[in-house]
>>> print(open('coords23.pdb').read())   # PDB, C-alpha atoms
ATOM      1  CA  MET A   1      52.806  -9.186 -53.935
ATOM      2  CA  ALA A   2      49.213  -9.067 -55.159
ATOM      3  CA  ASN A   3      48.484 -12.328 -53.390
ATOM      4  CA  LEU A   4      49.947 -10.968 -50.160
ATOM      5  CA  ASP A   5      47.764  -7.841 -50.333
ATOM      6  CA  GLN A   6      44.722 -10.011 -50.998
ATOM      7  CA  ASP A   7      45.583 -12.226 -48.045
ATOM      8  CA  ARG A   8      45.867  -9.146 -45.843
ATOM      9  CA  ARG A   9      42.492  -7.862 -47.048
ATOM     10  CA  ASP A  10      40.941 -11.258 -46.438
ATOM     11  CA  ALA A  11      42.470 -11.395 -42.975
ATOM     12  CA  ARG A  12      41.134  -7.939 -42.113
ATOM     13  CA  ALA A  13      37.678  -8.869 -43.438
ATOM     14  CA  TRP A  14      37.706 -12.096 -41.423
ATOM     15  CA  ALA A  15      38.816 -10.250 -38.288
ATOM     16  CA  GLN A  16      36.093  -7.640 -38.756
ATOM     17  CA  GLU A  17      33.467 -10.329 -39.324
ATOM     18  CA  TRP A  18      34.676 -12.240 -36.244
ATOM     19  CA  HIS A  19      34.520  -9.029 -34.171
ATOM     20  CA  ILE A  20      30.936  -8.362 -35.336
ATOM     21  CA  LYS A  21      29.919 -11.938 -34.522
ATOM     22  CA  GLN A  22      31.460 -11.671 -31.040
ATOM     23  CA  LYS A  23      29.705  -8.355 -30.441
ATOM     24  CA  ASN A  24      26.373  -9.828 -31.565
ATOM     25  CA  MET A  25      26.898 -12.821 -29.290
ATOM     26  CA  LYS A  26      27.435 -10.488 -26.312
ATOM     27  CA  ILE A  27      24.259  -8.598 -27.181
ATOM     28  CA  PHE A  28      22.307 -11.859 -27.456
ATOM     29  CA  ARG A  29      23.685 -13.005 -24.086
ATOM     30  CA  VAL A  30      22.667  -9.725 -22.422
ATOM     31  CA  ILE A  31      19.179  -9.963 -23.931
ATOM     32  CA  ALA A  32      18.887 -13.587 -22.776
ATOM     33  CA  VAL A  33      19.950 -12.674 -19.218
ATOM     34  CA  ILE A  34      17.455  -9.787 -19.136
ATOM     35  CA  ALA A  35      14.706 -12.108 -20.406
ATOM     36  CA  VAL A  36      15.499 -14.699 -17.725
ATOM     37  CA  ILE A  37      15.517 -12.050 -14.974
ATOM     38  CA  ALA A  38      12.210 -10.633 -16.223
ATOM     39  CA  ALA A  39      10.672 -14.106 -16.315
ATOM     40  CA  LEU A  40      11.889 -14.877 -12.774
ATOM     41  CA  TYR A  41      10.550 -11.538 -11.525
ATOM     42  CA  PHE A  42       7.177 -12.249 -13.108
ATOM     43  CA  ILE A  43       7.021 -15.741 -11.598
ATOM     44  CA  ILE A  44       8.100 -14.596  -8.120
ATOM     45  CA  ASN A  45       5.686 -11.661  -8.195
ATOM     46  CA  PHE A  46       2.871 -13.948  -9.366
ATOM     47  CA  VAL A  47       3.549 -16.424  -6.554
ATOM     48  CA  ILE A  48       3.767 -13.697  -3.890
ATOM     49  CA  VAL A  49       0.558 -11.994  -5.051
ATOM     50  CA  HIS A  50      -1.461 -15.197  -5.140
ATOM     51  CA  ALA A  51      -0.009 -16.412  -1.839
ATOM     52  CA  THR A  52      -0.673 -13.224   0.129
ATOM     53  CA  ARG A  53      -3.580 -11.468  -1.563
ATOM     54  CA  THR A  54      -7.140 -12.053  -2.707
ATOM     55  CA  THR A  55      -7.518 -11.729  -6.462
ATOM     56  CA  TYR A  56     -10.744 -11.508  -8.434
ATOM     57  CA  GLY A  57     -12.170 -12.413 -11.806
ATOM     58  CA  SER A  58     -13.159  -8.884 -12.779
ATOM     59  CA  VAL A  59     -13.359  -5.267 -11.676
ATOM     60  CA  GLU A  60     -17.060  -5.671 -10.938
ATOM     61  CA  GLU A  61     -16.449  -8.704  -8.709
ATOM     62  CA  MET A  62     -13.732  -6.897  -6.737
ATOM     63  CA  ARG A  63     -15.759  -3.704  -6.338
ATOM     64  CA  ALA A  64     -18.817  -5.628  -5.130
ATOM     65  CA  ALA A  65     -16.776  -7.667  -2.611
ATOM     66  CA  LEU A  66     -15.147  -4.630  -1.005
ATOM     67  CA  GLN A  67     -18.118  -2.373  -0.468
ATOM     68  CA  GLY A  68     -18.758  -1.422   3.154
ATOM     69  CA  ARG A  69     -16.905  -0.549   6.306
ATOM     70  CA  PHE A  70     -13.534  -1.838   7.527
ATOM     71  CA  GLU A  71     -11.946  -1.106  10.908
ATOM     72  CA  THR A  72      -8.834  -1.726  13.006
ATOM     73  CA  ASP A  73      -8.504  -2.356  16.741
ATOM     74  CA  TYR A  74      -7.063   1.130  17.222
ATOM     75  CA  CYS A  75      -9.805   3.585  16.268
ATOM     76  CA  GLU A  76      -9.327   3.611  12.511
ATOM     77  CA  ASP A  77     -12.086   3.291   9.969
ATOM     78  CA  MET A  78     -12.150   2.831   6.196
ATOM     79  CA  GLU A  79     -15.401   2.886   4.247
ATOM     80  CA  ILE A  80     -15.926   2.169   0.554
ATOM     81  CA  ILE A  81     -19.108   3.255  -1.208
ATOM     82  CA  GLY A  82     -18.968   2.763  -4.961
ATOM     83  CA  ASP A  83     -15.639   4.243  -6.008
ATOM     84  CA  ASP A  84     -15.535   6.627  -3.039
ATOM     85  CA  ILE A  85     -13.303   5.796  -0.072
ATOM     86  CA  THR A  86     -13.209   7.504   3.315
ATOM     87  CA  LEU A  87     -10.425   7.020   5.859
ATOM     88  CA  THR A  88     -11.116   8.107   9.457
ATOM     89  CA  TYR A  89      -8.777   8.366  12.429
ATOM     90  CA  TYR A  90     -10.976   8.561  15.522
ATOM     91  CA  GLU A  91      -9.880  10.537  18.568
ATOM     92  CA  ILE A  92      -9.775   7.658  21.034
ATOM     93  CA  SER A  93     -10.686   9.779  24.049
ATOM     94  CA  HIS A  94     -14.014  10.609  22.369
ATOM     95  CA  TYR A  95     -15.007   6.947  22.248
ATOM     96  CA  ASP A  96     -13.322   5.220  25.205
ATOM     97  CA  SER A  97     -14.387   6.619  28.572
ATOM     98  CA  GLU A  98     -11.663   4.757  30.473
ATOM     99  CA  TYR A  99      -9.014   6.222  28.197
ATOM    100  CA  ALA A 100     -10.579   9.688  28.545
ATOM    101  CA  GLU A 101     -10.627   9.418  32.346
ATOM    102  CA  GLN A 102      -6.965   8.455  32.343
ATOM    103  CA  TYR A 103      -5.587  10.845  29.726
ATOM    104  CA  GLY A 104      -8.261  13.525  29.399
ATOM    105  CA  TYR A 105     -10.847  14.293  26.729
ATOM    106  CA  SER A 106      -9.079  15.510  23.590
ATOM    107  CA  GLU A 107      -9.926  18.905  22.130
ATOM    108  CA  TYR A 108      -9.196  17.639  18.616
ATOM    109  CA  GLU A 109     -11.786  16.266  16.209
ATOM    110  CA  ASP A 110     -11.686  13.029  14.242
ATOM    111  CA  SER A 111      -9.451  13.219  11.156
ATOM    112  CA  VAL A 112     -11.449  12.313   8.064
ATOM    113  CA  TYR A 113      -9.995  11.980   4.561
ATOM    114  CA  ASP A 114     -11.999  11.413   1.385
ATOM    115  CA  ASP A 115     -10.479  10.006  -1.766
ATOM    116  CA  LYS A 116     -11.473   8.406  -5.059
ATOM    117  CA  ILE A 117     -10.578   4.898  -6.203
ATOM    118  CA  VAL A 118      -9.092   5.208  -9.685
ATOM    119  CA  GLU A 119      -8.272   1.542 -10.318
ATOM    120  CA  TRP A 120      -9.575  -1.784  -9.056
ATOM    121  CA  ASP A 121      -6.553  -3.963  -9.880
ATOM    122  CA  TYR A 122      -8.435  -7.237  -9.517
ATOM    123  CA  ARG A 123      -5.602  -9.375 -10.917
ATOM    124  CA  HIS A 124      -3.242  -8.263  -8.132
ATOM    125  CA  GLY A 125      -5.728  -7.600  -5.302
ATOM    126  CA  LEU A 126      -4.787  -3.938  -5.229
ATOM    127  CA  ILE A 127      -6.807  -0.738  -4.831
ATOM    128  CA  LYS A 128      -5.262   2.399  -6.340
ATOM    129  CA  CYS A 129      -6.551   5.771  -5.226
ATOM    130  CA  ASN A 130      -6.191   9.338  -6.395
ATOM    131  CA  TRP A 131      -3.769  10.346  -3.627
ATOM    132  CA  MET A 132      -3.839   7.711  -0.892
ATOM    133  CA  SER A 133      -1.197   4.975  -1.008
ATOM    134  CA  ASP A 134      -2.131   1.657  -2.621
ATOM    135  CA  ILE A 135      -4.360  -0.616  -0.531
ATOM    136  CA  LYS A 136      -3.785  -4.368  -0.671
ATOM    137  CA  VAL A 137      -6.462  -7.015  -0.198
ATOM    138  CA  ASP A 138      -5.040  -9.859   1.897
ATOM    139  CA  LYS A 139      -5.992 -13.537   1.686
ATOM    140  CA  ASP A 140      -8.813 -13.027   4.200
ATOM    141  CA  GLY A 141     -10.358 -10.181   2.207
ATOM    142  CA  ASN A 142      -9.126  -7.537   4.655
ATOM    143  CA  LEU A 143      -7.531  -4.274   3.558
ATOM    144  CA  ARG A 144      -3.841  -3.566   4.200
ATOM    145  CA  TYR A 145      -2.988   0.135   4.282
ATOM    146  CA  TYR A 146       0.656   0.765   5.121
ATOM    147  CA  SER A 147       1.237  -1.669   8.033
ATOM    148  CA  GLU A 148      -2.352  -1.663   9.343
ATOM    149  CA  THR A 149      -5.017  -4.284   8.645
ATOM    150  CA  PHE A 150      -8.616  -3.092   8.266
ATOM    151  CA  VAL A 151     -11.123  -5.881   8.888
ATOM    152  CA  LYS A 152     -14.564  -5.812   7.275
ATOM    153  CA  THR A 153     -17.404  -5.328   9.730
ATOM    154  CA  ASP A 154     -21.184  -4.954   9.710
ATOM    155  CA  ALA A 155     -21.094  -3.033  12.977
ATOM    156  CA  PRO A 156     -22.203   0.605  12.887
ATOM    157  CA  LYS A 157     -19.673   3.382  13.278
ATOM    158  CA  PRO A 158     -18.771   4.168  16.914
ATOM    159  CA  VAL A 159     -20.764   6.831  18.697
ATOM    160  CA  PRO A 160     -18.836   9.513  20.621
ATOM    161  CA  ILE A 161     -19.266   9.562  24.391
ATOM    162  CA  ASP A 162     -20.756  12.552  26.184
ATOM    163  CA  PRO A 163     -17.808  14.344  27.850
ATOM    164  CA  SER A 164     -20.128  15.625  30.575
ATOM    165  CA  THR A 165     -20.419  12.057  31.861
ATOM    166  CA  LEU A 166     -16.699  11.946  32.684
ATOM    167  CA  THR A 167     -15.761  12.399  36.319
ATOM    168  CA  GLY A 168     -12.378  13.912  35.593
ATOM    169  CA  GLY A 169     -10.750  11.340  37.825
ATOM    170  CA  SER A 170      -7.617   9.334  37.151
ATOM    171  CA  GLY A 171      -9.256   6.194  35.864
ATOM    172  CA  THR A 172      -7.278   3.368  34.339
ATOM    173  CA  TRP A 173      -7.436   2.350  30.744
ATOM    174  CA  ASP A 174      -8.379  -1.322  30.692
ATOM    175  CA  THR A 175      -5.580  -3.158  28.873
ATOM    176  CA  GLU A 176      -5.624  -6.239  31.081
ATOM    177  CA  GLY A 177      -4.246  -9.302  29.331
ATOM    178  CA  GLU A 178      -2.556  -7.232  26.625
ATOM    179  CA  ASP A 179       1.159  -6.772  26.119
ATOM    180  CA  PRO A 180       2.064  -3.126  26.960
ATOM    181  CA  GLU A 181       4.897  -3.165  24.423
ATOM    182  CA  ALA A 182       2.566  -4.438  21.722
ATOM    183  CA  ILE A 183       0.097  -1.663  22.543
ATOM    184  CA  ASP A 184       2.842   0.967  22.296
ATOM    185  CA  GLU A 185       4.102  -0.457  19.005
ATOM    186  CA  ALA A 186       0.577  -0.517  17.564
ATOM    187  CA  ALA A 187      -0.021   3.074  18.651
ATOM    188  CA  GLU A 188       3.262   4.165  17.051
ATOM    189  CA  ALA A 189       2.344   2.359  13.820
ATOM    190  CA  VAL A 190      -0.996   4.183  13.693
ATOM    191  CA  GLN A 191       0.709   7.538  14.321
ATOM    192  CA  GLU A 192       3.220   6.895  11.547
ATOM    193  CA  GLU A 193       0.437   5.842   9.183
ATOM    194  CA  GLN A 194      -1.592   8.957   9.985
ATOM    195  CA  GLN A 195       1.440  11.172   9.472
ATOM    196  CA  MET A 196       2.164   9.624   6.060
ATOM    197  CA  THR A 197      -1.505   9.992   5.123
ATOM    198  CA  GLU A 198      -1.445  13.651   6.135
ATOM    199  CA  GLU A 199       1.707  14.253   4.078
ATOM    200  CA  SER A 200       0.145  12.573   1.028
ATOM    201  CA  ALA A 201      -3.025  14.628   1.516
ATOM    202  CA  GLU A 202      -1.072  17.868   1.680
ATOM    203  CA  GLU A 203       0.860  16.993  -1.484
ATOM    204  CA  ALA A 204      -2.471  16.326  -3.213
ATOM    205  CA  GLY A 205      -3.874  19.661  -2.056
ATOM    206  CA  VAL A 206      -6.082  18.192   0.674
ATOM    207  CA  LEU A 207      -5.789  20.737   3.442
ATOM    208  CA  ALA A 208      -5.132  19.373   6.927
ATOM    209  CA  ALA A 209      -7.434  22.055   8.348
ATOM    210  CA  ASP A 210     -10.323  20.497   6.434
ATOM    211  CA  ALA A 211      -9.632  16.954   7.606
ATOM    212  CA  SER A 212     -12.154  16.945  10.427
ATOM    213  CA  GLU A 213     -14.921  17.823   8.006
ATOM    214  CA  GLY A 214     -13.851  15.591   5.128
ATOM    215  CA  VAL A 215     -12.592  16.840   1.826
TER     216      VAL A 215
END
>>> encode(input="coords23.pdb", output="structure tokens")
Amino acid sequence: MANLDQDRRDARAWAQEWHIKQKNMKIFRVIAVIAVIAALYFIINFVIVHATRTTYGSVEEMRAALQGRFETDYCEDMEIIGDDITLTYYEISHYDSEYAEQYGYSEYEDSVYDDKIVEWDYRHGLIKCNWMSDIKVDKDGNLRYYSETFVKTDAPKPVPIDPSTLTGGSGTWDTEGEDPEAIDEAAEAVQEEQQMTEESAEEAGVLAADASEGV
């Protein structure tokens, strides 16, 4: 009888030990899977970053390379001076007389937003600001903000036209050789970007009423 009780105790101990070993094996498998997924994510992210963005050797190198003015083809302007960044949405009718003749001279002012760069992520080609969305640096050294590409330029900022020079006629906006659908899509993209910027500014306490004067 004593031997039978001992055998039962040994069997229970073996079963408990086997259960613990099986549980530990499951834990080790889960950890291994997580480690593999993390490694794959790191590798894929590394490849994507270095294939699509410009990276730098240091914060100082990145900051020095990105000083100056960047612009799009659709009346947008981004300027970096030190760690200060200014984003401007120009009222197109103030700068394009043909557009103003066709659609009228807008009563609105340019929308200007000031922000501060809080991190030059040189390893990932990324600019992080106080309230603006992250800005990526593409392989050509241009800035990607939302879906828009800002190209570096040495040209001075555009000068507004004198509205008194407009005839008030129904001129035509010169878009010869351009795809009308592409123009509409680009205009919609700019509007969406500006709306998202305005929403981010409001959340950060940047009043929309102050946009035309900078913040």
>>> resolve_selection(input="coords23.pdb", expression="the PyMOL selection byres ((chain A and resi 94) around 9)", output="VMD selection string")
chain A and resid 90 to 93 95 to 97 99 to 100 105 to 106 109 to 110 159 to 163
>>> residues_near_point(input="coords23.pdb", point="(-9.0, -5.7, 10.1)", cutoff="6 Å", atoms="all atoms listed in the file", output="list in words")
Glu71, Thr72, Asn142, Thr149, Phe150 and Val151 of chain A
>>> atom_distance(input="coords23.pdb", atom1="atom CA of Lys116 of chain A", atom2="atom CA of Gln195 of chain A")
19.6 Å
>>> closest_residue(input="coords23.pdb", among="A:Asp140, A:Glu17, A:Glu188, A:Glu61", to="Tyr122 of chain A", atoms="only C-alpha atoms")
A:Glu61
>>> atom_distance(input="coords23.pdb", atom1="atom CA of Met196 of chain A", atom2="atom CA of Asp134 of chain A")
12.5 Å
>>> closest_residue(input="coords23.pdb", among="A:Lys157, A:Ser58, A:Leu166, A:Gln67", to="Gly104 of chain A", atoms="all atoms listed in the file")
A:Leu166
>>> atom_distance(input="coords23.pdb", atom1="atom CA of Tyr56 of chain A", atom2="atom CA of Lys139 of chain A")
11.4 Å
>>> residues_around(input="coords23.pdb", residues="segment 200-203 of chain A", least_positions_apart="3", cutoff="9 Å", atoms="all atoms listed in the file", output="list in words")
Tyr113, Trp131, Met132, Ser133, Gln195, Met196, Thr197, Val206, Leu207 and Ala208 of chain A
>>> closest_residue(input="coords23.pdb", among="A:Asn24, A:Thr54, A:Gln16, A:Thr86", to="Arg123 of chain A", atoms="only C-alpha atoms")
A:Thr54
